[in-house]
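Below is target_3.pdb, holding PDB, C-alpha atoms, pLDDT in the B column.
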```pdb
ATOM      1  CA  MET A   6      -5.417  28.950  39.884  1.00 59.00           C
ATOM      2  CA  VAL A   7      -2.477  26.551  40.045  1.00 53.00           C
ATOM      3  CA  GLN A   8      -1.976  26.834  36.301  1.00 57.00           C
ATOM      4  CA  VAL A   9      -1.945  30.629  36.576  1.00 51.00           C
ATOM      5  CA  LEU A  10       0.698  30.394  39.303  1.00 50.00           C
ATOM      6  CA  LEU A  11       2.768  28.099  37.116  1.00 51.00           C
ATOM      7  CA  LEU A  12       2.515  30.519  34.190  1.00 52.00           C
ATOM      8  CA  ILE A  13       3.601  33.378  36.427  1.00 59.00           C
ATOM      9  CA  PHE A  14       6.425  31.182  37.704  1.00 58.00           C
ATOM     10  CA  ALA A  15       7.543  30.357  34.162  1.00 56.00           C
ATOM     11  CA  ALA A  16       7.475  33.994  33.069  1.00 53.00           C
ATOM     12  CA  VAL A  17       9.292  35.344  36.099  1.00 57.00           C
ATOM     13  CA  ILE A  18      11.930  32.642  36.198  1.00 57.00           C
ATOM     14  CA  ALA A  19      12.620  33.116  32.493  1.00 52.00           C
ATOM     15  CA  THR A  20      13.446  36.785  33.064  1.00 52.00           C
ATOM     16  CA  THR A  21      15.160  36.673  36.470  1.00 52.00           C
ATOM     17  CA  TYR A  22      17.738  33.914  36.307  1.00 48.00           C
ATOM     18  CA  SER A  23      20.182  34.016  39.134  1.00 44.00           C
ATOM     19  CA  GLN A  24      23.712  33.326  37.886  1.00 49.00           C
ATOM     20  CA  ARG A  25      24.284  31.008  40.792  1.00 59.00           C
ATOM     21  CA  ASN A  26      21.353  28.697  40.031  1.00 71.00           C
ATOM     22  CA  GLU A  27      20.866  29.124  36.313  1.00 82.00           C
ATOM     23  CA  LYS A  28      21.594  25.460  35.551  1.00 85.00           C
ATOM     24  CA  GLU A  29      19.206  24.211  38.243  1.00 88.00           C
ATOM     25  CA  GLU A  30      16.489  26.674  37.213  1.00 87.00           C
ATOM     26  CA  LYS A  31      16.678  25.317  33.669  1.00 88.00           C
ATOM     27  CA  ILE A  32      15.831  21.895  35.120  1.00 91.00           C
ATOM     28  CA  CYS A  33      13.361  22.938  37.851  1.00 92.00           C
ATOM     29  CA  GLN A  34      11.105  25.228  35.823  1.00 91.00           C
ATOM     30  CA  PRO A  35      10.269  22.727  33.054  1.00 91.00           C
ATOM     31  CA  PHE A  36      10.010  19.908  35.604  1.00 93.00           C
ATOM     32  CA  LEU A  37       7.243  21.728  37.492  1.00 92.00           C
ATOM     33  CA  THR A  38       5.414  23.054  34.424  1.00 91.00           C
ATOM     34  CA  SER A  39       5.788  20.410  31.716  1.00 90.00           C
ATOM     35  CA  LYS A  40       2.809  18.240  30.832  1.00 90.00           C
ATOM     36  CA  HIS A  41       5.271  15.323  30.863  1.00 89.00           C
ATOM     37  CA  SER A  42       6.578  15.764  34.416  1.00 90.00           C
ATOM     38  CA  SER A  43       4.486  18.244  36.446  1.00 91.00           C
ATOM     39  CA  PRO A  44       3.463  16.911  39.870  1.00 91.00           C
ATOM     40  CA  LEU A  45       0.296  19.011  39.537  1.00 86.00           C
ATOM     41  CA  LEU A  46      -1.119  16.573  36.990  1.00 88.00           C
ATOM     42  CA  PRO A  47      -2.631  13.727  39.046  1.00 85.00           C
ATOM     43  CA  GLU A  48      -3.216  11.456  36.046  1.00 86.00           C
ATOM     44  CA  LEU A  49       0.454  11.584  35.004  1.00 88.00           C
ATOM     45  CA  LYS A  50       2.435   8.399  35.686  1.00 91.00           C
ATOM     46  CA  ARG A  51       5.466   9.308  37.785  1.00 91.00           C
ATOM     47  CA  ASN A  52       9.008   8.621  36.553  1.00 91.00           C
ATOM     48  CA  LEU A  53      11.011   8.451  39.774  1.00 93.00           C
ATOM     49  CA  ARG A  54      14.361   9.175  38.081  1.00 93.00           C
ATOM     50  CA  ILE A  55      13.013  12.366  36.493  1.00 93.00           C
ATOM     51  CA  ASP A  56      11.268  13.253  39.765  1.00 94.00           C
ATOM     52  CA  GLU A  57      14.528  12.870  41.685  1.00 94.00           C
ATOM     53  CA  GLU A  58      16.475  15.059  39.249  1.00 94.00           C
ATOM     54  CA  GLY A  59      13.737  17.702  39.155  1.00 94.00           C
ATOM     55  CA  GLU A  60      13.291  17.761  42.911  1.00 95.00           C
ATOM     56  CA  PHE A  61      17.040  18.037  43.484  1.00 95.00           C
ATOM     57  CA  ALA A  62      17.298  20.951  41.046  1.00 95.00           C
ATOM     58  CA  CYS A  63      14.324  22.703  42.657  1.00 95.00           C
ATOM     59  CA  GLU A  64      15.826  22.259  46.142  1.00 95.00           C
ATOM     60  CA  LEU A  65      19.018  23.913  44.874  1.00 94.00           C
ATOM     61  CA  VAL A  66      17.006  26.791  43.401  1.00 94.00           C
ATOM     62  CA  LEU A  67      15.296  27.253  46.786  1.00 94.00           C
ATOM     63  CA  GLN A  68      18.717  27.873  48.375  1.00 93.00           C
ATOM     64  CA  ASP A  69      18.943  31.175  46.496  1.00 91.00           C
ATOM     65  CA  ARG A  70      18.344  33.847  49.146  1.00 90.00           C
ATOM     66  CA  PHE A  71      17.253  36.346  46.503  1.00 90.00           C
ATOM     67  CA  LEU A  72      14.658  34.133  44.875  1.00 91.00           C
ATOM     68  CA  PRO A  73      11.373  36.082  44.541  1.00 93.00           C
ATOM     69  CA  ALA A  74       8.721  34.998  47.048  1.00 94.00           C
ATOM     70  CA  GLN A  75       6.173  34.011  44.382  1.00 94.00           C
ATOM     71  CA  ILE A  76       8.652  31.661  42.717  1.00 93.00           C
ATOM     72  CA  ARG A  77       9.703  30.246  46.092  1.00 95.00           C
ATOM     73  CA  PHE A  78       6.043  29.629  46.966  1.00 95.00           C
ATOM     74  CA  THR A  79       5.332  27.958  43.617  1.00 94.00           C
ATOM     75  CA  ILE A  80       8.350  25.655  43.922  1.00 95.00           C
ATOM     76  CA  HIS A  81       7.364  24.605  47.454  1.00 96.00           C
ATOM     77  CA  GLU A  82       3.827  23.973  46.249  1.00 95.00           C
ATOM     78  CA  GLY A  83       5.095  21.827  43.382  1.00 95.00           C
ATOM     79  CA  LEU A  84       7.399  19.848  45.682  1.00 96.00           C
ATOM     80  CA  TYR A  85       4.576  19.371  48.201  1.00 95.00           C
ATOM     81  CA  MET A  86       2.421  17.932  45.403  1.00 94.00           C
ATOM     82  CA  LEU A  87       5.315  15.712  44.280  1.00 95.00           C
ATOM     83  CA  ALA A  88       5.750  14.295  47.795  1.00 95.00           C
ATOM     84  CA  LEU A  89       1.991  13.691  47.958  1.00 93.00           C
ATOM     85  CA  ARG A  90       2.134  11.772  44.659  1.00 93.00           C
ATOM     86  CA  HIS A  91       5.077   9.711  45.897  1.00 94.00           C
ATOM     87  CA  ILE A  92       3.271   8.837  49.127  1.00 92.00           C
ATOM     88  CA  SER A  93       0.289   7.678  47.079  1.00 90.00           C
ATOM     89  CA  LEU A  94       2.739   5.315  45.325  1.00 90.00           C
ATOM     90  CA  GLY A  95       3.805   3.884  48.690  1.00 92.00           C
ATOM     91  CA  LEU A  96       7.073   5.807  49.088  1.00 92.00           C
ATOM     92  CA  GLN A  97       8.032   7.203  52.492  1.00 92.00           C
ATOM     93  CA  ARG A  98       8.048  10.967  51.877  1.00 92.00           C
ATOM     94  CA  GLN A  99       6.043  12.213  54.855  1.00 93.00           C
ATOM     95  CA  ASP A 100       8.897  14.344  56.261  1.00 92.00           C
ATOM     96  CA  THR A 101       9.358  16.070  52.908  1.00 94.00           C
ATOM     97  CA  LEU A 102       5.626  16.598  52.524  1.00 93.00           C
ATOM     98  CA  SER A 103       5.340  18.056  56.016  1.00 93.00           C
ATOM     99  CA  ARG A 104       8.345  20.362  55.487  1.00 95.00           C
ATOM    100  CA  HIS A 105       6.962  21.897  52.296  1.00 95.00           C
ATOM    101  CA  VAL A 106       3.448  22.335  53.728  1.00 95.00           C
ATOM    102  CA  ARG A 107       4.902  24.002  56.830  1.00 95.00           C
ATOM    103  CA  ILE A 108       6.884  26.433  54.692  1.00 95.00           C
ATOM    104  CA  LEU A 109       3.792  27.185  52.597  1.00 96.00           C
ATOM    105  CA  GLY A 110       1.872  27.867  55.823  1.00 94.00           C
ATOM    106  CA  GLN A 111       4.607  30.257  56.980  1.00 94.00           C
ATOM    107  CA  MET A 112       4.621  32.037  53.624  1.00 95.00           C
ATOM    108  CA  LEU A 113       0.824  32.326  53.560  1.00 94.00           C
ATOM    109  CA  PRO A 114      -0.294  32.399  57.216  1.00 94.00           C
ATOM    110  CA  SER A 115      -3.849  33.437  56.312  1.00 94.00           C
ATOM    111  CA  SER A 116      -4.426  30.212  54.360  1.00 95.00           C
ATOM    112  CA  PHE A 117      -6.728  27.746  56.087  1.00 96.00           C
ATOM    113  CA  LYS A 118      -5.620  25.024  53.668  1.00 95.00           C
ATOM    114  CA  TYR A 119      -1.947  25.151  54.640  1.00 95.00           C
ATOM    115  CA  ALA A 120      -2.642  25.609  58.356  1.00 95.00           C
ATOM    116  CA  TYR A 121      -4.928  22.559  58.283  1.00 96.00           C
ATOM    117  CA  LEU A 122      -2.601  20.429  56.141  1.00 95.00           C
ATOM    118  CA  GLY A 123       0.422  21.471  58.204  1.00 95.00           C
ATOM    119  CA  GLY A 124      -1.283  20.178  61.335  1.00 95.00           C
ATOM    120  CA  LEU A 125      -2.637  17.066  59.671  1.00 94.00           C
ATOM    121  CA  PHE A 126       0.677  15.974  58.144  1.00 93.00           C
ATOM    122  CA  SER A 127       2.600  16.774  61.339  1.00 94.00           C
ATOM    123  CA  MET A 128       0.602  14.082  63.141  1.00 94.00           C
ATOM    124  CA  ASP A 129       1.746  11.378  60.725  1.00 91.00           C
ATOM    125  CA  PRO A 130       3.711   8.783  62.724  1.00 90.00           C
ATOM    126  CA  ALA A 131       6.740   9.304  60.446  1.00 90.00           C
ATOM    127  CA  VAL A 132       6.797  13.009  61.425  1.00 92.00           C
ATOM    128  CA  ALA A 133       5.254  12.836  64.934  1.00 90.00           C
ATOM    129  CA  ASP A 134       5.337  16.535  65.803  1.00 93.00           C
ATOM    130  CA  SER A 135       2.206  16.982  67.877  1.00 93.00           C
ATOM    131  CA  THR A 136       3.297  20.412  69.153  1.00 94.00           C
ATOM    132  CA  TYR A 137       3.457  21.802  65.626  1.00 95.00           C
ATOM    133  CA  ALA A 138       0.183  20.047  64.787  1.00 95.00           C
ATOM    134  CA  VAL A 139      -1.572  21.713  67.742  1.00 96.00           C
ATOM    135  CA  ASN A 140      -0.228  25.159  66.830  1.00 95.00           C
ATOM    136  CA  SER A 141      -1.027  24.829  63.154  1.00 95.00           C
ATOM    137  CA  LEU A 142      -4.555  23.506  63.692  1.00 96.00           C
ATOM    138  CA  TYR A 143      -5.169  26.171  66.331  1.00 96.00           C
ATOM    139  CA  ARG A 144      -4.216  28.763  63.699  1.00 95.00           C
ATOM    140  CA  ALA A 145      -6.706  27.144  61.302  1.00 95.00           C
ATOM    141  CA  LEU A 146      -9.554  27.234  63.834  1.00 94.00           C
ATOM    142  CA  TYR A 147      -8.879  30.351  65.896  1.00 95.00           C
ATOM    143  CA  GLY A 148      -5.956  32.243  64.394  1.00 93.00           C
ATOM    144  CA  GLU A 149      -5.311  34.231  61.255  1.00 93.00           C
ATOM    145  CA  ALA A 150      -6.173  31.319  58.962  1.00 92.00           C
ATOM    146  CA  SER A 151      -9.666  31.063  60.461  1.00 91.00           C
ATOM    147  CA  ASN A 152     -10.592  34.237  58.543  1.00 91.00           C
ATOM    148  CA  ASP A 153      -9.998  32.554  55.176  1.00 91.00           C
ATOM    149  CA  THR A 154     -13.158  33.156  53.139  1.00 91.00           C
ATOM    150  CA  SER A 155     -12.988  29.748  51.451  1.00 91.00           C
ATOM    151  CA  ILE A 156     -13.666  27.793  54.674  1.00 92.00           C
ATOM    152  CA  THR A 157     -16.808  25.645  54.799  1.00 92.00           C
ATOM    153  CA  LYS A 158     -18.560  24.145  57.836  1.00 89.00           C
ATOM    154  CA  GLU A 159     -17.105  20.780  56.856  1.00 90.00           C
ATOM    155  CA  ASP A 160     -13.605  22.284  56.793  1.00 93.00           C
ATOM    156  CA  THR A 161     -14.090  23.658  60.296  1.00 91.00           C
ATOM    157  CA  HIS A 162     -15.466  20.326  61.499  1.00 91.00           C
ATOM    158  CA  MET A 163     -12.521  18.364  60.064  1.00 93.00           C
ATOM    159  CA  ALA A 164     -10.029  20.857  61.497  1.00 94.00           C
ATOM    160  CA  ARG A 165     -11.687  20.518  64.913  1.00 93.00           C
ATOM    161  CA  VAL A 166     -11.522  16.704  64.686  1.00 94.00           C
ATOM    162  CA  GLU A 167      -7.812  16.849  63.859  1.00 95.00           C
ATOM    163  CA  TYR A 168      -7.175  19.545  66.476  1.00 96.00           C
ATOM    164  CA  THR A 169      -8.784  17.314  69.113  1.00 95.00           C
ATOM    165  CA  LYS A 170      -6.541  14.421  68.023  1.00 95.00           C
ATOM    166  CA  ALA A 171      -3.455  16.647  68.092  1.00 96.00           C
ATOM    167  CA  LEU A 172      -4.285  17.909  71.585  1.00 95.00           C
ATOM    168  CA  SER A 173      -4.645  14.312  72.778  1.00 94.00           C
ATOM    169  CA  LEU A 174      -1.342  13.311  71.166  1.00 94.00           C
ATOM    170  CA  ALA A 175       0.322  16.275  72.878  1.00 93.00           C
ATOM    171  CA  GLY A 176      -1.144  15.198  76.246  1.00 94.00           C
ATOM    172  CA  ASN A 177      -3.429  18.230  76.580  1.00 93.00           C
ATOM    173  CA  TYR A 178      -6.501  16.193  77.506  1.00 94.00           C
ATOM    174  CA  SER A 179      -8.523  18.957  79.169  1.00 93.00           C
ATOM    175  CA  THR A 180      -8.475  21.156  76.056  1.00 93.00           C
ATOM    176  CA  ALA A 181      -9.100  18.064  73.899  1.00 93.00           C
ATOM    177  CA  ALA A 182     -12.237  17.379  75.987  1.00 93.00           C
ATOM    178  CA  ILE A 183     -13.459  20.950  75.434  1.00 91.00           C
ATOM    179  CA  GLU A 184     -12.928  20.593  71.670  1.00 91.00           C
ATOM    180  CA  ALA A 185     -14.665  17.194  71.682  1.00 91.00           C
ATOM    181  CA  THR A 186     -17.647  18.830  73.409  1.00 90.00           C
ATOM    182  CA  LYS A 187     -17.743  21.483  70.683  1.00 88.00           C
ATOM    183  CA  LEU A 188     -17.700  18.684  68.089  1.00 87.00           C
ATOM    184  CA  LEU A 189     -20.670  16.987  69.752  1.00 86.00           C
ATOM    185  CA  GLU A 190     -22.564  20.262  69.966  1.00 83.00           C
ATOM    186  CA  THR A 191     -21.994  20.901  66.272  1.00 79.00           C
ATOM    187  CA  PHE A 192     -22.620  17.359  65.056  1.00 71.00           C
ATOM    188  CA  PRO A 193     -24.490  15.479  67.806  1.00 61.00           C
ATOM    189  CA  ILE A 194     -24.324  11.684  67.724  1.00 61.00           C
ATOM    190  CA  CYS A 195     -27.702  11.312  69.440  1.00 53.00           C
ATOM    191  CA  ASP A 196     -30.645  13.641  69.824  1.00 53.00           C
ATOM    192  CA  PHE A 197     -32.242  13.187  73.246  1.00 50.00           C
ATOM    193  CA  HIS A 198     -35.157  15.569  72.602  1.00 50.00           C
TER     194      HIS A 198
END
```
Now that the file is in, can you turn its structure into structure tokens?
Amino acid sequence: MVQVLLLIFAAVIATTYSQRNEKEEKICQPFLTSKHSSPLLPELKRNLRIDEEGEFACELVLQDRFLPAQIRFTIHEGLYMLALRHISLGLQRQDTLSRHVRILGQMLPSSFKYAYLGGLFSMDPAVADSTYAVNSLYRALYGEASNDTSITKEDTHMARVEYTKALSLAGNYSTAAIEATKLLETFPICDFH
């Protein structure tokens, strides 16, 4: 699926260059799609200089108000994956990661994945936005994203665990207790029967 999105991205960007960002698009598009630099390839060793240049170019492309939504989505997805790779290398990129996941969640509000990840990454101590985490995880469990057909029972359980944590971080202990009760009903620790 990701590769299909990247192919669509490559085809569309090749035919719809904006005069304003043509130079940056010529850097961003190959950066996100090349087998030598794509953040979507987990086995690829990261070159931080190339990553910095590619990310900067992509951020400039994103400033184009007339950029088609599909290309905008694909760039944010690529930059989210890049931040994730950098964090796995020990770099402090949690704010960047959270920003891109939030934007992806806004662009695709019916996606459980981005609602869940938006809440999860917003609770990171470097981001510390428990209000956004509560709202995003609520959307994953009870809102539009809860209708996503790809959700499993495990996904719902993990979202409920994180939602309970977010509620506690936000100081909403009564609702956190209700969610904790739902967790125990779904996955009981002890069976007293």
Can you tell me, as a list in words, what residues are no more than 8 Å from segment 91-103 of chain A when counting only C-alpha atoms, ignoring any on the same chain fewer than 4 positions away?
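With the cut-off at 8 Å, the set is Leu84, Tyr85, Met86, Leu87, Arg107, Gly123, Phe126, Ser127, Asp129, Ala131 and Val132 of chain A.
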Name the closest residue to Val139 of chain A among the candidates A:Asp153, A:Lys31, A:Ala181, A:Ser116; distances are taken between atoms, counting only C-alpha atoms.
A:Ala181
I'd like to see the residues matched by the PyMOL selection byres ((chain A and resi 117-121) around 6) on this file, and ideally I'd get them as a ChimeraX atom specification.
/A:110,116,122-124,141-142,145,150,153
By how many Å are atom CA of Phe78 of chain A and atom CA of Leu37 of chain A apart?
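We find that atom CA of Phe78 of chain A and atom CA of Leu37 of chain A lie 12.4 Å from each other.
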Which of these, A:Ser151, A:Phe61, A:Tyr137, A:Glu82, has the shortest distance to Ser115 of chain A once you count all atoms listed in the file?
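Once distances to Ser115 of chain A are computed over all atoms listed in the file, the minimum belongs to A:Ser151.
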Test item: axis-aligned box, all listed atoms of segment 109-114 of chain A, 3 Å on each side, centre and edges in Å rounded to one decimal, as JSON:
```
{"center_x": 2.2, "center_y": 29.8, "center_z": 54.9, "size_x": 10.9, "size_y": 11.2, "size_z": 10.6}
```
What does the PyMOL selection byres ((chain A and resi 165) around 8) select in this file, as an mmCIF file with C-alpha atoms, in the coordinates of the input?
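Full text of selection-v9.cif as output:
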```cif
data_model
loop_
_atom_site.group_PDB
_atom_site.id
_atom_site.type_symbol
_atom_site.label_atom_id
_atom_site.label_comp_id
_atom_site.auth_asym_id
_atom_site.auth_seq_id
_atom_site.Cartn_x
_atom_site.Cartn_y
_atom_site.Cartn_z
ATOM 1 C CA LEU A 142 -4.555 23.506 63.692
ATOM 2 C CA LEU A 146 -9.554 27.234 63.834
ATOM 3 C CA THR A 161 -14.090 23.658 60.296
ATOM 4 C CA HIS A 162 -15.466 20.326 61.499
ATOM 5 C CA MET A 163 -12.521 18.364 60.064
ATOM 6 C CA ALA A 164 -10.029 20.857 61.497
ATOM 7 C CA VAL A 166 -11.522 16.704 64.686
ATOM 8 C CA GLU A 167 -7.812 16.849 63.859
ATOM 9 C CA TYR A 168 -7.175 19.545 66.476
ATOM 10 C CA THR A 169 -8.784 17.314 69.113
ATOM 11 C CA GLU A 184 -12.928 20.593 71.670
ATOM 12 C CA LEU A 188 -17.700 18.684 68.089
#
```
Set the distance at 8 Å and use only C-alpha atoms: which residues neighbour Ser135 of chain A once local chain neighbours fewer than 3 positions away are removed? I'd like the list as a list of chain:residue names.
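That gives A:Ser127, A:Met128, A:Ala138, A:Val139, A:Ala171, A:Leu172, A:Leu174, A:Ala175.
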Go through segment 67-180 of chain A and flag each residue having an atom no more than 12 Å from segment 27-30 of chain A; for those, report the closest pair of atoms plus their distance in Å to one decimal, using all atoms listed in the file, ordered by chain and rising number, as a tab-separated table.
```
residue	atom	partner	partner_atom	distance
A:Leu67	CA	A:Glu30	CA	9.7
A:Gln68	CA	A:Glu29	CA	10.8
A:Asp69	CA	A:Glu27	CA	10.6
A:Leu72	CA	A:Glu30	CA	10.8
A:Ile76	CA	A:Glu30	CA	10.8
A:Arg77	CA	A:Glu30	CA	11.7
A:Ile80	CA	A:Glu30	CA	10.6
```
What is the distance, in Å and to one decimal place, between atom CA of Cys33 of chain A and atom CA of Ala62 of chain A?
5.4 Å
Pairwise distance for atom CA of Pro35 of chain A and atom CA of Leu113 of chain A, rounded to one decimal in Å
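Separation of atom CA of Pro35 of chain A and atom CA of Leu113 of chain A: 24.5 Å.
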For Thr136 of chain A, the nearest of the candidates A:Lys170, A:Arg90, A:His41, A:His81, counting only C-alpha atoms
A:Lys170
Please write a file for segment 100-120 of chain A, taken from the block I just shared, that holds N, CA and C atoms and is laid out as an mmCIF file, in the first residue's frame.
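File part_31.cif, as written:
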```cif
data_model
loop_
_atom_site.group_PDB
_atom_site.id
_atom_site.type_symbol
_atom_site.label_atom_id
_atom_site.label_comp_id
_atom_site.auth_asym_id
_atom_site.auth_seq_id
_atom_site.Cartn_x
_atom_site.Cartn_y
_atom_site.Cartn_z
ATOM 1 N N ASP A 100 8.733 15.731 18.917
ATOM 2 C CA ASP A 100 7.832 16.816 18.503
ATOM 3 C C ASP A 100 7.499 16.716 17.016
ATOM 4 N N THR A 101 8.526 16.454 16.214
ATOM 5 C CA THR A 101 8.322 16.326 14.767
ATOM 6 C C THR A 101 7.430 15.134 14.454
ATOM 7 N N LEU A 102 7.701 14.021 15.103
ATOM 8 C CA LEU A 102 6.903 12.816 14.914
ATOM 9 C C LEU A 102 5.442 13.101 15.254
ATOM 10 N N SER A 103 5.220 13.693 16.414
ATOM 11 C CA SER A 103 3.861 13.986 16.857
ATOM 12 C C SER A 103 3.154 14.935 15.891
ATOM 13 N N ARG A 104 3.861 15.948 15.406
ATOM 14 C CA ARG A 104 3.256 16.921 14.481
ATOM 15 C C ARG A 104 2.778 16.247 13.200
ATOM 16 N N HIS A 105 3.615 15.401 12.615
ATOM 17 C CA HIS A 105 3.225 14.752 11.359
ATOM 18 C C HIS A 105 2.081 13.761 11.566
ATOM 19 N N VAL A 106 2.103 13.020 12.668
ATOM 20 C CA VAL A 106 1.017 12.066 12.939
ATOM 21 C C VAL A 106 -0.296 12.818 13.183
ATOM 22 N N ARG A 107 -0.222 13.935 13.871
ATOM 23 C CA ARG A 107 -1.435 14.740 14.101
ATOM 24 C C ARG A 107 -2.022 15.214 12.774
ATOM 25 N N ILE A 108 -1.168 15.696 11.899
ATOM 26 C CA ILE A 108 -1.642 16.185 10.597
ATOM 27 C C ILE A 108 -2.245 15.030 9.795
ATOM 28 N N LEU A 109 -1.609 13.873 9.841
ATOM 29 C CA LEU A 109 -2.158 12.703 9.140
ATOM 30 C C LEU A 109 -3.527 12.341 9.705
ATOM 31 N N GLY A 110 -3.671 12.427 11.024
ATOM 32 C CA GLY A 110 -4.969 12.154 11.661
ATOM 33 C C GLY A 110 -6.035 13.155 11.254
ATOM 34 N N GLN A 111 -5.639 14.416 11.064
ATOM 35 C CA GLN A 111 -6.591 15.440 10.613
ATOM 36 C C GLN A 111 -6.977 15.209 9.154
ATOM 37 N N MET A 112 -6.010 14.775 8.359
ATOM 38 C CA MET A 112 -6.285 14.543 6.935
ATOM 39 C C MET A 112 -7.115 13.284 6.716
ATOM 40 N N LEU A 113 -6.979 12.314 7.608
ATOM 41 C CA LEU A 113 -7.698 11.049 7.486
ATOM 42 C C LEU A 113 -8.343 10.720 8.840
ATOM 43 N N PRO A 114 -9.396 11.460 9.209
ATOM 44 C CA PRO A 114 -9.988 11.303 10.538
ATOM 45 C C PRO A 114 -10.626 9.937 10.789
ATOM 46 N N SER A 115 -10.884 9.176 9.750
ATOM 47 C CA SER A 115 -11.490 7.851 9.941
ATOM 48 C C SER A 115 -10.440 6.763 10.167
ATOM 49 N N SER A 116 -9.176 7.135 10.233
ATOM 50 C CA SER A 116 -8.104 6.160 10.417
ATOM 51 C C SER A 116 -7.850 5.901 11.899
ATOM 52 N N PHE A 117 -8.070 4.659 12.314
ATOM 53 C CA PHE A 117 -7.761 4.270 13.684
ATOM 54 C C PHE A 117 -6.271 4.426 13.955
ATOM 55 N N LYS A 118 -5.459 4.018 12.987
ATOM 56 C CA LYS A 118 -3.998 4.049 13.156
ATOM 57 C C LYS A 118 -3.514 5.440 13.559
ATOM 58 N N TYR A 119 -3.930 6.464 12.819
ATOM 59 C CA TYR A 119 -3.421 7.807 13.099
ATOM 60 C C TYR A 119 -4.069 8.429 14.326
ATOM 61 N N ALA A 120 -5.302 8.056 14.641
ATOM 62 C CA ALA A 120 -5.912 8.529 15.887
ATOM 63 C C ALA A 120 -5.167 7.923 17.081
#
```
